[in-house]
Amino acid sequence: MSTDPDSDVLTRVANGDMEGATRLLMQRYGTKVYGYCRQQLRDATLAEDVNQVVFAQAFAALPKFDRKSTVRTWLYSIAHHRVLDAIKARRRQHKHLDGRPVDKNQPDDRLSPGEKIDETRLLAALADCLQRLPSEVRTAVLLRYQAGLSFEEMAKVLGVRAGT
């Protein structure tokens, strides 16, 4: 296996600096992991909660990290499983309710009003297209194009062969 680009995180863990290691992970991946959770869950508040759980779990598990994958792949694996947990919990919670939570896409404030309308429409269309994909395909698309994982990393996160 090649050198982990997050070896500095692992060095901090080895030196007992768990807070520093977690801070580095959050700086590097916090926004991207949140974006993955947000796209999968289509609920900003729930995505924030799941994102916090992901990094809390990473903080607790980093000392036992076994280096079978990169730290980034391992972190996205945690995120993937916590998203699945949140989806199951939401289904149980809303079992008797019709409809889905409202997705409030926020366009960039630096845009003109016309551009904001266009961006809002584009974001809504993209979110709609993503939601129409089967869950496994949507997850693969987000891991590849939003998280930037390689096919090998995606396979480890999803627990499948890379050719799949």
# chains A, B, ... in the order shown; residues from 1 in each chain; ligands from 1
>>> residues_around(residues="Tyr76 (chain A)", least_positions_apart="4", cutoff="10 Å", atoms="only C-alpha atoms", output="number ranges by chain")
A: 29, 32-33, 36-37, 54, 71-72, 80-82, 143, 147, 149, 153-154, 156-158
>>> select_by_dssp(residues="region 46-101 of chain A", states="alpha helix (DSSP H)", output="PyMOL selection string")
chain A and resi 46-61+71-93
>>> atom_distance(atom1="CA of Ala127 (chain A)", atom2="CA of Glu48 (chain A)")
17.9 Å
>>> residues_around(residues="Met26 (chain A)", least_positions_apart="2", cutoff="12 Å", atoms="only C-alpha atoms", output="list in words")
Asp6, Val9, Glu19, Gly20, Ala21, Thr22, Arg23, Leu24, Arg28, Tyr29, Gly30, Thr31, Lys32, Val33, Tyr34, Asn51, Gln52, Val54, Phe55, Ala56, Ala58, Phe59, Arg72 and Leu75 of chain A
>>> closest_residue(among="A:Val13, A:Leu142, A:Ala155, A:Val50", to="Ala79 (chain A)", atoms="only C-alpha atoms")
A:Val50
>>> atom_distance(atom1="CA of Thr3 (chain A)", atom2="CA of Gly35 (chain A)")
26.0 Å
>>> atom_distance(atom1="CA of Gln57 (chain A)", atom2="CA of Leu133 (chain A)")
28.9 Å
>>> decode(residues="region 1-27 of chain A", atoms="N, CA and C atoms", output="PDB file, in the first residue's frame")
ATOM      1  N   MET A   1       0.848  -1.180   0.000  1.00  0.00           N
ATOM      2  CA  MET A   1       0.000   0.000   0.000  1.00  0.00           C
ATOM      3  C   MET A   1       0.890   1.238   0.000  1.00  0.00           C
ATOM      4  N   SER A   2       0.536   2.245  -0.746  1.00  0.00           N
ATOM      5  CA  SER A   2       1.319   3.465  -0.803  1.00  0.00           C
ATOM      6  C   SER A   2       1.180   4.247   0.503  1.00  0.00           C
ATOM      7  N   THR A   3       2.002   5.257   0.644  1.00  0.00           N
ATOM      8  CA  THR A   3       1.993   6.072   1.848  1.00  0.00           C
ATOM      9  C   THR A   3       0.674   6.820   1.976  1.00  0.00           C
ATOM     10  N   ASP A   4       0.145   6.833   3.174  1.00  0.00           N
ATOM     11  CA  ASP A   4      -1.113   7.532   3.453  1.00  0.00           C
ATOM     12  C   ASP A   4      -0.849   9.034   3.468  1.00  0.00           C
ATOM     13  N   PRO A   5      -1.586   9.819   2.676  1.00  0.00           N
ATOM     14  CA  PRO A   5      -1.386  11.273   2.688  1.00  0.00           C
ATOM     15  C   PRO A   5      -1.720  11.896   4.050  1.00  0.00           C
ATOM     16  N   ASP A   6      -2.367  11.132   4.890  1.00  0.00           N
ATOM     17  CA  ASP A   6      -2.709  11.623   6.228  1.00  0.00           C
ATOM     18  C   ASP A   6      -1.813  10.998   7.291  1.00  0.00           C
ATOM     19  N   SER A   7      -0.580  10.674   6.917  1.00  0.00           N
ATOM     20  CA  SER A   7       0.337  10.064   7.878  1.00  0.00           C
ATOM     21  C   SER A   7       0.637  11.007   9.038  1.00  0.00           C
ATOM     22  N   ASP A   8       0.550  12.336   8.801  1.00  0.00           N
ATOM     23  CA  ASP A   8       0.751  13.283   9.900  1.00  0.00           C
ATOM     24  C   ASP A   8      -0.334  13.135  10.972  1.00  0.00           C
ATOM     25  N   VAL A   9      -1.532  12.755  10.557  1.00  0.00           N
ATOM     26  CA  VAL A   9      -2.605  12.491  11.513  1.00  0.00           C
ATOM     27  C   VAL A   9      -2.234  11.282  12.364  1.00  0.00           C
ATOM     28  N   LEU A  10      -1.745  10.242  11.709  1.00  0.00           N
ATOM     29  CA  LEU A  10      -1.375   9.022  12.422  1.00  0.00           C
ATOM     30  C   LEU A  10      -0.176   9.255  13.337  1.00  0.00           C
ATOM     31  N   THR A  11       0.730  10.136  12.933  1.00  0.00           N
ATOM     32  CA  THR A  11       1.860  10.488  13.786  1.00  0.00           C
ATOM     33  C   THR A  11       1.368  11.173  15.057  1.00  0.00           C
ATOM     34  N   ARG A  12       0.407  12.066  14.911  1.00  0.00           N
ATOM     35  CA  ARG A  12      -0.160  12.735  16.093  1.00  0.00           C
ATOM     36  C   ARG A  12      -0.836  11.725  17.017  1.00  0.00           C
ATOM     37  N   VAL A  13      -1.538  10.771  16.434  1.00  0.00           N
ATOM     38  CA  VAL A  13      -2.186   9.733  17.242  1.00  0.00           C
ATOM     39  C   VAL A  13      -1.124   8.950  18.007  1.00  0.00           C
ATOM     40  N   ALA A  14      -0.046   8.566  17.317  1.00  0.00           N
ATOM     41  CA  ALA A  14       1.035   7.802  17.952  1.00  0.00           C
ATOM     42  C   ALA A  14       1.680   8.587  19.092  1.00  0.00           C
ATOM     43  N   ASN A  15       1.694   9.919  18.969  1.00  0.00           N
ATOM     44  CA  ASN A  15       2.270  10.778  20.008  1.00  0.00           C
ATOM     45  C   ASN A  15       1.255  11.153  21.084  1.00  0.00           C
ATOM     46  N   GLY A  16       0.044  10.609  20.986  1.00  0.00           N
ATOM     47  CA  GLY A  16      -0.976  10.865  21.998  1.00  0.00           C
ATOM     48  C   GLY A  16      -1.742  12.158  21.814  1.00  0.00           C
ATOM     49  N   ASP A  17      -1.568  12.819  20.673  1.00  0.00           N
ATOM     50  CA  ASP A  17      -2.265  14.088  20.412  1.00  0.00           C
ATOM     51  C   ASP A  17      -3.557  13.827  19.635  1.00  0.00           C
ATOM     52  N   MET A  18      -4.533  13.260  20.320  1.00  0.00           N
ATOM     53  CA  MET A  18      -5.801  12.914  19.672  1.00  0.00           C
ATOM     54  C   MET A  18      -6.559  14.156  19.218  1.00  0.00           C
ATOM     55  N   GLU A  19      -6.531  15.202  20.033  1.00  0.00           N
ATOM     56  CA  GLU A  19      -7.235  16.437  19.654  1.00  0.00           C
ATOM     57  C   GLU A  19      -6.630  17.038  18.390  1.00  0.00           C
ATOM     58  N   GLY A  20      -5.306  17.065  18.314  1.00  0.00           N
ATOM     59  CA  GLY A  20      -4.642  17.600  17.124  1.00  0.00           C
ATOM     60  C   GLY A  20      -4.927  16.758  15.892  1.00  0.00           C
ATOM     61  N   ALA A  21      -4.934  15.432  16.070  1.00  0.00           N
ATOM     62  CA  ALA A  21      -5.220  14.532  14.956  1.00  0.00           C
ATOM     63  C   ALA A  21      -6.645  14.743  14.451  1.00  0.00           C
ATOM     64  N   THR A  22      -7.578  14.843  15.370  1.00  0.00           N
ATOM     65  CA  THR A  22      -8.982  15.044  14.994  1.00  0.00           C
ATOM     66  C   THR A  22      -9.169  16.409  14.348  1.00  0.00           C
ATOM     67  N   ARG A  23      -8.490  17.417  14.870  1.00  0.00           N
ATOM     68  CA  ARG A  23      -8.577  18.759  14.289  1.00  0.00           C
ATOM     69  C   ARG A  23      -8.095  18.744  12.837  1.00  0.00           C
ATOM     70  N   LEU A  24      -6.978  18.046  12.575  1.00  0.00           N
ATOM     71  CA  LEU A  24      -6.479  17.937  11.195  1.00  0.00           C
ATOM     72  C   LEU A  24      -7.497  17.246  10.291  1.00  0.00           C
ATOM     73  N   LEU A  25      -8.070  16.154  10.786  1.00  0.00           N
ATOM     74  CA  LEU A  25      -9.085  15.442   9.990  1.00  0.00           C
ATOM     75  C   LEU A  25     -10.269  16.352   9.683  1.00  0.00           C
ATOM     76  N   MET A  26     -10.714  17.089  10.679  1.00  0.00           N
ATOM     77  CA  MET A  26     -11.870  17.965  10.474  1.00  0.00           C
ATOM     78  C   MET A  26     -11.545  19.091   9.498  1.00  0.00           C
ATOM     79  N   GLN A  27     -10.335  19.626   9.584  1.00  0.00           N
ATOM     80  CA  GLN A  27      -9.939  20.686   8.651  1.00  0.00           C
ATOM     81  C   GLN A  27      -9.896  20.165   7.216  1.00  0.00           C
TER      82      GLN A  27
END
